[in-house]
Every structure is written in C-alpha cells, then in structure tokens.
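Coordinates from structure.cif are shown below (mmCIF, C-alpha atoms and all ligand atoms).
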```
data_coords
#
loop_
_atom_site.label_atom_id
_atom_site.label_comp_id
_atom_site.auth_asym_id
_atom_site.auth_seq_id
_atom_site.Cartn_x
_atom_site.Cartn_y
_atom_site.Cartn_z
CA MET A 1 21.83 -12.09 43.33
CA GLN A 2 20.68 -10.53 40.09
CA GLN A 3 23.05 -9.68 37.27
CA ARG A 4 23.27 -6.17 35.91
CA SER A 5 22.93 -5.76 32.18
CA ILE A 6 23.00 -3.15 29.46
CA ALA A 7 20.13 -3.22 26.95
CA PRO A 8 21.07 -1.22 23.84
CA SER A 9 18.17 0.78 22.40
CA ILE A 10 18.08 0.49 18.64
CA LEU A 11 16.38 3.87 18.45
CA ALA A 12 19.89 5.30 18.12
CA ALA A 13 20.97 2.75 15.49
CA ASP A 14 21.11 3.15 11.71
CA PHE A 15 17.82 1.57 10.64
CA ALA A 16 19.09 0.99 7.11
CA ARG A 17 21.58 -1.53 8.48
CA LEU A 18 19.77 -2.73 11.57
CA GLY A 19 20.90 -6.36 11.43
CA ALA A 20 24.54 -5.32 11.39
CA GLU A 21 23.96 -2.81 14.17
CA VAL A 22 22.45 -5.49 16.40
CA ALA A 23 25.25 -7.90 15.50
CA ASP A 24 27.73 -5.27 16.69
CA VAL A 25 26.43 -5.58 20.27
CA ALA A 26 25.15 -9.15 20.33
CA GLU A 27 28.33 -10.57 21.78
CA VAL A 28 28.14 -8.39 24.90
CA VAL A 29 24.41 -8.11 25.59
CA GLY A 30 21.53 -10.46 26.26
CA THR A 31 18.78 -7.99 25.44
CA ILE A 32 17.96 -5.54 22.66
CA HIS A 33 15.59 -2.70 23.59
CA VAL A 34 13.04 -1.84 20.90
CA ASP A 35 11.14 1.44 21.25
CA VAL A 36 7.70 1.33 19.65
CA MET A 37 6.05 4.77 19.44
CA ASP A 38 2.69 5.52 17.87
CA GLY A 39 2.52 9.30 17.56
CA HIS A 40 -0.33 9.35 20.12
CA TYR A 41 1.08 8.28 23.47
CA VAL A 42 4.22 10.23 22.57
CA PRO A 43 4.75 12.87 19.87
CA ASN A 44 6.95 10.61 17.76
CA ILE A 45 6.59 7.57 15.50
CA THR A 46 9.30 4.92 15.33
CA LEU A 47 8.71 1.35 14.27
CA GLY A 48 6.34 -1.55 14.58
CA HIS A 49 5.48 -5.03 13.41
CA PRO A 50 7.73 -5.52 10.34
CA VAL A 51 10.80 -4.31 12.18
CA VAL A 52 10.14 -6.58 15.16
CA ALA A 53 9.66 -9.52 12.77
CA SER A 54 12.92 -8.70 10.97
CA LEU A 55 14.79 -8.34 14.24
CA ARG A 56 13.46 -11.73 15.33
CA ARG A 57 15.04 -13.30 12.25
CA ALA A 58 18.28 -11.35 12.74
CA THR A 59 19.06 -12.10 16.40
CA ASP A 60 18.49 -14.65 19.12
CA ARG A 61 18.86 -12.00 21.81
CA VAL A 62 15.89 -11.11 24.00
CA LEU A 63 13.72 -8.54 22.21
CA ASP A 64 12.52 -6.12 24.87
CA CYS A 65 9.72 -4.07 23.29
CA HIS A 66 8.97 -0.83 25.09
CA LEU A 67 5.52 0.20 23.95
CA MET A 68 4.92 3.93 24.04
CA ILE A 69 1.48 3.51 22.51
CA THR A 70 -2.10 4.16 23.59
CA ASP A 71 -3.46 0.69 22.84
CA PRO A 72 -1.05 -1.91 24.20
CA ALA A 73 -3.77 -4.56 24.64
CA THR A 74 -4.30 -4.63 20.88
CA TYR A 75 -0.71 -4.52 19.70
CA ALA A 76 1.34 -6.23 22.39
CA PRO A 77 -0.06 -9.73 21.65
CA GLN A 78 0.65 -9.19 17.95
CA LEU A 79 4.25 -8.24 18.68
CA VAL A 80 4.67 -11.31 20.89
CA ALA A 81 3.36 -13.44 18.02
CA LEU A 82 6.02 -11.87 15.79
CA GLY A 83 8.78 -12.76 18.22
CA ALA A 84 8.95 -10.14 20.98
CA ASP A 85 10.15 -11.86 24.15
CA HIS A 86 9.34 -9.07 26.56
CA ILE A 87 6.74 -6.30 26.54
CA THR A 88 6.83 -3.19 28.69
CA PHE A 89 3.80 -0.91 28.51
CA HIS A 90 2.69 2.30 30.18
CA PRO A 91 -0.24 1.11 32.30
CA GLU A 92 -2.13 4.39 32.71
CA VAL A 93 -3.52 3.99 29.18
CA GLU A 94 -4.85 0.49 29.84
CA ASP A 95 -8.24 -0.20 31.48
CA ASP A 96 -7.22 -3.55 32.92
CA PRO A 97 -3.43 -3.74 33.11
CA ILE A 98 -3.44 -6.88 35.25
CA ALA A 99 -5.48 -8.72 32.62
CA LEU A 100 -3.01 -7.63 29.92
CA ILE A 101 -0.05 -8.74 32.04
CA HIS A 102 -1.61 -12.18 32.49
CA ASP A 103 -2.57 -12.43 28.83
CA LEU A 104 1.01 -11.70 27.76
CA HIS A 105 2.36 -14.19 30.30
CA ASP A 106 0.00 -16.81 28.88
CA ARG A 107 1.47 -16.08 25.46
CA GLY A 108 4.96 -16.79 26.77
CA ALA A 109 6.29 -13.24 27.15
CA THR A 110 7.73 -11.55 30.17
CA VAL A 111 6.09 -8.25 31.06
CA GLY A 112 7.02 -4.90 32.51
CA VAL A 113 5.25 -1.69 33.37
CA ALA A 114 6.74 1.77 32.96
CA ILE A 115 6.43 5.00 34.89
CA LYS A 116 7.18 8.41 33.39
CA PRO A 117 9.29 10.97 35.27
CA ALA A 118 6.19 12.59 36.80
CA HIS A 119 4.69 9.29 37.95
CA PRO A 120 5.27 8.06 41.49
CA VAL A 121 6.08 4.41 42.19
CA SER A 122 2.81 4.26 44.12
CA MET A 123 0.98 4.58 40.79
CA VAL A 124 1.96 1.01 39.92
CA THR A 125 2.42 -0.78 43.23
CA GLU A 126 -0.72 -2.85 42.72
CA LEU A 127 0.85 -4.18 39.51
CA LEU A 128 4.32 -4.91 40.83
CA GLY A 129 3.44 -8.31 42.25
CA HIS A 130 2.43 -9.42 38.74
CA VAL A 131 5.28 -8.15 36.56
CA ASP A 132 8.80 -9.20 35.70
CA LEU A 133 10.12 -5.68 35.33
CA LEU A 134 9.53 -2.09 36.40
CA LEU A 135 10.81 0.54 33.97
CA VAL A 136 11.62 3.83 35.66
CA MET A 137 11.89 6.35 32.83
CA THR A 138 14.85 8.65 33.35
CA VAL A 139 13.74 10.97 30.54
CA GLU A 140 10.32 11.93 29.23
CA PRO A 141 9.41 9.13 26.78
CA GLY A 142 9.39 10.02 23.10
CA PHE A 143 12.89 10.70 21.91
CA GLY A 144 16.41 9.34 22.16
CA GLY A 145 19.36 11.53 23.02
CA GLN A 146 17.76 13.48 25.87
CA SER A 147 19.47 14.44 29.11
CA PHE A 148 19.14 12.14 32.11
CA LEU A 149 16.78 13.45 34.79
CA PRO A 150 18.50 12.85 38.16
CA GLU A 151 15.31 13.58 40.08
CA THR A 152 13.97 10.22 38.87
CA VAL A 153 16.72 8.24 40.64
CA PRO A 154 15.10 8.14 44.11
CA LYS A 155 12.22 6.19 42.55
CA VAL A 156 14.68 3.43 41.63
CA ALA A 157 15.75 3.13 45.25
CA GLU A 158 12.14 3.32 46.41
CA ALA A 159 11.17 0.49 44.03
CA ALA A 160 14.08 -1.64 45.25
CA ILE A 161 12.96 -1.17 48.86
CA TRP A 162 9.34 -1.93 47.95
CA ARG A 163 10.47 -5.11 46.20
CA ALA A 164 12.47 -6.31 49.20
CA THR A 165 9.69 -5.44 51.63
CA ASN A 166 7.03 -7.17 49.58
CA ASP A 167 9.07 -10.18 48.50
CA ALA A 168 8.48 -9.31 44.84
CA ARG A 169 10.73 -10.40 42.00
CA PHE A 170 10.58 -7.77 39.24
CA ARG A 171 13.80 -6.36 37.84
CA ILE A 172 14.30 -2.61 37.76
CA GLN A 173 15.13 -1.00 34.43
CA VAL A 174 16.07 2.59 33.68
CA ASP A 175 15.77 4.16 30.26
CA GLY A 176 16.89 7.51 28.91
CA GLY A 177 20.11 9.48 29.02
CA ILE A 178 22.15 6.54 30.33
CA GLY A 179 25.83 7.01 29.50
CA PRO A 180 29.24 7.05 31.17
CA THR A 181 28.40 10.04 33.36
CA THR A 182 24.96 8.83 34.54
CA VAL A 183 25.03 5.04 34.64
CA ALA A 184 26.63 4.81 38.08
CA GLN A 185 23.95 6.82 39.87
CA ALA A 186 21.16 4.71 38.39
CA ALA A 187 23.02 1.50 39.18
CA ALA A 188 23.87 2.58 42.71
CA ALA A 189 20.18 3.26 43.34
CA GLY A 190 19.36 -0.32 42.36
CA ALA A 191 18.76 -0.35 38.59
CA GLU A 192 19.68 -3.73 37.10
CA VAL A 193 18.79 -3.30 33.45
CA LEU A 194 20.24 -0.14 31.98
CA VAL A 195 18.88 0.88 28.58
CA ALA A 196 21.34 2.89 26.52
CA GLY A 197 20.77 4.21 23.02
CA SER A 198 22.97 7.12 21.99
CA SER A 199 25.84 6.19 24.28
CA VAL A 200 26.10 2.76 22.64
CA PHE A 201 25.18 3.29 18.99
CA GLY A 202 26.82 6.72 18.93
CA ALA A 203 30.15 5.07 19.75
CA THR A 204 32.54 3.79 17.13
CA ASP A 205 33.14 0.60 19.09
CA ARG A 206 29.72 -0.38 20.39
CA ALA A 207 30.83 -3.48 22.27
CA ALA A 208 33.48 -1.43 24.07
CA ALA A 209 30.86 1.19 24.95
CA VAL A 210 28.65 -1.53 26.48
CA ARG A 211 31.55 -2.97 28.46
CA THR A 212 32.45 0.49 29.78
CA LEU A 213 28.87 1.10 30.95
CA LEU A 214 28.76 -2.29 32.62
CA ASP A 215 32.06 -1.71 34.39
CA LEU A 216 30.89 1.69 35.62
CA ALA A 217 27.60 0.19 36.79
CA ASP A 218 29.32 -2.66 38.59
CA ALA A 219 31.75 -0.26 40.24
CA ALA A 220 28.75 1.61 41.64
CA GLY A 221 27.96 -1.21 44.04
CA ALA A 222 26.29 -4.54 44.47
CA VAL A 223 22.78 -5.21 43.23
CA ALA A 224 20.09 -6.48 45.58
C1 LIG B 1 12.90 7.18 24.98
C2 LIG B 1 13.19 5.72 24.76
C3 LIG B 1 14.56 5.31 25.07
C4 LIG B 1 15.62 5.95 24.21
C5 LIG B 1 16.90 5.99 24.96
O1 LIG B 1 11.54 7.40 24.88
O2 LIG B 1 12.32 4.92 25.54
O3 LIG B 1 14.70 3.89 25.02
O4 LIG B 1 15.84 5.27 23.02
O5 LIG B 1 17.82 6.70 24.22
P1 LIG B 1 19.06 7.43 24.86
O6 LIG B 1 19.88 6.37 25.57
O7 LIG B 1 19.74 8.05 23.71
O8 LIG B 1 18.51 8.43 25.84
ZN ZN B 2 12.72 2.73 25.73
#
```
Please render this file's structure as structure tokens.
Amino acid sequence: MQQRSIAPSILAADFARLGAEVADVAEVVGTIHVDVMDGHYVPNITLGHPVVASLRRATDRVLDCHLMITDPATYAPQLVALGADHITFHPEVEDDPIALIHDLHDRGATVGVAIKPAHPVSMVTELLGHVDLLLVMTVEPGFGGQSFLPETVPKVAEAAIWRATNDARFRIQVDGGIGPTTVAQAAAAGAEVLVAGSSVFGATDRAAAVRTLLDLADAAGAVA
C-alpha cells in the first residue's frame, strides 16, 4: 500500500526567505516541489540552477523538480548534479523521452512525466512502464494560484486502472489548485502525491495546512 503525501510547491513561498519557508514545512513533508519555468514552454519564468543548489544545502527533503521547459534533456541532468532528487518533465517536447528517463535514472534520480489538462493518458502510456511518477496537471501549467480543473480528475482514475492492469509501479501526482475544497476529489480518484502551493504557503500555519490536506485526502478513501 502506498502512502499519500503532500508536496508543497515553493512557487507560492517568499523567495527572499526560502530556507525558512521550507523549514516551516519540513517536519510534515518528505518532498518539496520546485517549479522550473523557462518562459518558452510556459509564459512565465521562475527559477533554475542557483535556487536548486541553495535548496539542496537548505533541506534534506526530496527535491521534486517539475520542469516546464522546452529542453529537459539539456537541463535535467544539470539539476540532478546540483542535487535534484526527482525530475518530472513534459515529454511532448522531448524527441526521445525514454532515453532521457533512463539517463536520469542512471544519474540516480527518480523520474516522472507530466500531462497537461488537454492531454489524454494515452499520450504517455508507452512511457509509464519506465517512470516512477505520472503527474496529472489539474491546472494549465505556468502559474500558481489557479482554480482546480475538475475535468482532469477522471484521468487520475484512468491512470490508476492502467497501472493496476499493467502491473506498473509509478505514483500518481496532481498539481494545481489543490486545497481543502479540492484535495478529496483528487485523492479519491487515486492521486497519491498532492502538490499544493497557495493553500500551504498562503496559510499562517503551514504545517497545520499540510496536516489538514493530508487528513482530508486520507478521509477520501484508501489508496491503491
Ligand atoms: C503550476 C505549477 C504548480 C503550482 C501550484 O504550473 O506546476 O506546481 O505551483 O500552485 P497552486 O497550488 O497555488 O495551484
Ligand atoms: Zn508543479
């Protein structure tokens, strides 16, 4: 049985005091979600190498780097070298996603692939036997603080069924608009890793916000 977890997205944190922001949640989470955007794959620019390196020095939690960039094969290995533990990329921009997955595994990272709201699960099924994680985006990638798109939830259930049918092992992550009013539906559909930015770092007590999300997710039902 897999454990559910909340992965706070630092996109909603105060970047001027990032170490303290991460320390605020470290006690209650195993993973920190790091959104890397390049201004090409998405119309926004966030952070890159120096921030990942600083985070690596600041925390021993798993650094889950979500690459919303057009050239993951160039930059993902560099981020792993700087201390990223996990890389998720959007595979439609990569010529040979299976080669990149294996390259990152060889470098010691775990690897995920992401699908945008308009992408069907079938777009990535040939990759799912190779990855550790499938990210089902529950908003359009690019910005924090957007509203959860409920029409994406059936893809979570579909991925969970595909995994069981095909004896695959990837975890299912959701990302975007996850908060107290939406976490249960994603969890009930089978999401195990729930990324939450605004609903965690927008709270006064971040650890309490994480615990609340976890309780609501657990109350939604057992994971596969
Ligand atoms: C959106 C990012 C998300 C975002 C989530 O492109 O991938 O990780 O930070 O933020 P919230 O939880 O505020 O929607
Ligand atoms: Zn993300």
Which residue gives the smallest distance to ligand ZN 2 (chain B) among A:Val51, A:Val156, A:Ala76, A:Val36, with all atoms listed in the file counted?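 Checking each of A:Val51, A:Val156, A:Ala76, A:Val36 against ligand ZN 2 (chain B), counting all atoms listed in the file, the winner is A:Val36.
Around ligand ZN 2 (chain B), the neighbouring residues within 9 Å, taking all atoms listed in the file, come to Ser9, Leu11, His33, Val34, Asp35, Val36, Asp64, Cys65, His66, Leu67, Met68, Thr88, Leu135, Met137, Pro141, Gly142, Phe143, Gly144, Val174, Asp175, Gly176, Val195, Ala196 and Gly197 of chain A.
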Could the residues in this selection be saved with C-alpha atoms as a compact mmCIF listing (two decimals), keeping the file's coordinate frame?
```txt
# COMPACT_ATOMS: atom_id res chain seq x y z
CA SER A 9 18.17 0.78 22.40
CA LEU A 11 16.38 3.87 18.45
CA HIS A 33 15.59 -2.70 23.59
CA VAL A 34 13.04 -1.84 20.90
CA ASP A 35 11.14 1.44 21.25
CA VAL A 36 7.70 1.33 19.65
CA ASP A 64 12.52 -6.12 24.87
CA CYS A 65 9.72 -4.07 23.29
CA HIS A 66 8.97 -0.83 25.09
CA LEU A 67 5.52 0.20 23.95
CA MET A 68 4.92 3.93 24.04
CA THR A 88 6.83 -3.19 28.69
CA LEU A 135 10.81 0.54 33.97
CA MET A 137 11.89 6.35 32.83
CA PRO A 141 9.41 9.13 26.78
CA GLY A 142 9.39 10.02 23.10
CA PHE A 143 12.89 10.70 21.91
CA GLY A 144 16.41 9.34 22.16
CA VAL A 174 16.07 2.59 33.68
CA ASP A 175 15.77 4.16 30.26
CA GLY A 176 16.89 7.51 28.91
CA VAL A 195 18.88 0.88 28.58
CA ALA A 196 21.34 2.89 26.52
CA GLY A 197 20.77 4.21 23.02
```
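Here the question is which of A:Thr152, A:Thr46, A:Gln3, A:Thr74 gets nearest to ligand LIG 1 (chain B) using all atoms listed in the file, and that residue is A:Thr46.
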Nearest candidate to A:Ser198 (options A:Pro8, A:Glu94, A:Thr125, A:Ala220; using only C-alpha atoms): A:Pro8
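If you measure from each of A:Thr70, A:Gln173, A:Ser147, A:Gln185 to ligand LIG 1 (chain B) using all atoms listed in the file, the closest one turns out to be A:Ser147.
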Show me the residues close to (-0.6, 3.1, 22.5) - anything with an atom within 8 Å, counting all atoms listed in the file - and format the list as a ChimeraX atom specification. /A:37-38,40-41,67-72,93
Give, as AutoDock Vina command-line options, the centre coordinates and the x, y and z edge lengths in Å to one decimal for an axis-aligned box around all listed atoms of ligand LIG 1 (chain B), padded by 8 Å on each side.
```
--center_x 15.7 --center_y 6.2 --center_z 24.4 --size_x 24.3 --size_y 20.5 --size_z 18.8
```
Which residues are close to A:Asp96, i.e. within 12 Å by all atoms listed in the file, leaving aside same-chain residues fewer than 5 positions away? Reply as a PDB file with C-alpha atoms, in the coordinates of the input.
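To be explicit, this is the file written out as part-v4.pdb:
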```
ATOM      1  CA  ASP A  71      -3.460   0.690  22.840  1.00  0.00           C
ATOM      2  CA  PRO A  72      -1.050  -1.910  24.200  1.00  0.00           C
ATOM      3  CA  ALA A  73      -3.770  -4.560  24.640  1.00  0.00           C
ATOM      4  CA  HIS A  90       2.690   2.300  30.180  1.00  0.00           C
ATOM      5  CA  PRO A  91      -0.240   1.110  32.300  1.00  0.00           C
ATOM      6  CA  ILE A 101      -0.050  -8.740  32.040  1.00  0.00           C
ATOM      7  CA  HIS A 102      -1.610 -12.180  32.490  1.00  0.00           C
ATOM      8  CA  ASP A 103      -2.570 -12.430  28.830  1.00  0.00           C
ATOM      9  CA  GLU A 126      -0.720  -2.850  42.720  1.00  0.00           C
ATOM     10  CA  LEU A 127       0.850  -4.180  39.510  1.00  0.00           C
TER      11      LEU A 127
END
```
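Of the listed residues (A:Lys116, A:Arg206, A:Arg163, A:Arg169), A:Lys116 comes nearest to ligand LIG 1 (chain B); the distances count all atoms listed in the file.
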For A:Ala23, list every protein, DNA or RNA residue within 10 Å, evaluated using only C-alpha atoms, and leave out those in the same chain fewer than 3 positions away; present the list as a list in words.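 With the cut-off at 10 Å, the set is Leu18, Gly19, Ala20, Ala26, Glu27, Val28, Ala58, Thr59, Arg61 and Ala207 of chain A.
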Taking into account only C-alpha atoms, which residue in the set A:Gly179, A:Val62, A:Arg56, A:Arg4 is nearest to A:Ile32?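 Of A:Gly179, A:Val62, A:Arg56, A:Arg4, the one nearest A:Ile32 is A:Val62, counting only C-alpha atoms.
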Atom O6 of ligand LIG 1 (chain B) to atom CA of A:Thr181, straight-line distance in Å: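 Atom-to-atom, atom CA of A:Thr181 and atom O6 of ligand LIG 1 (chain B) are spaced 12.1 Å apart.
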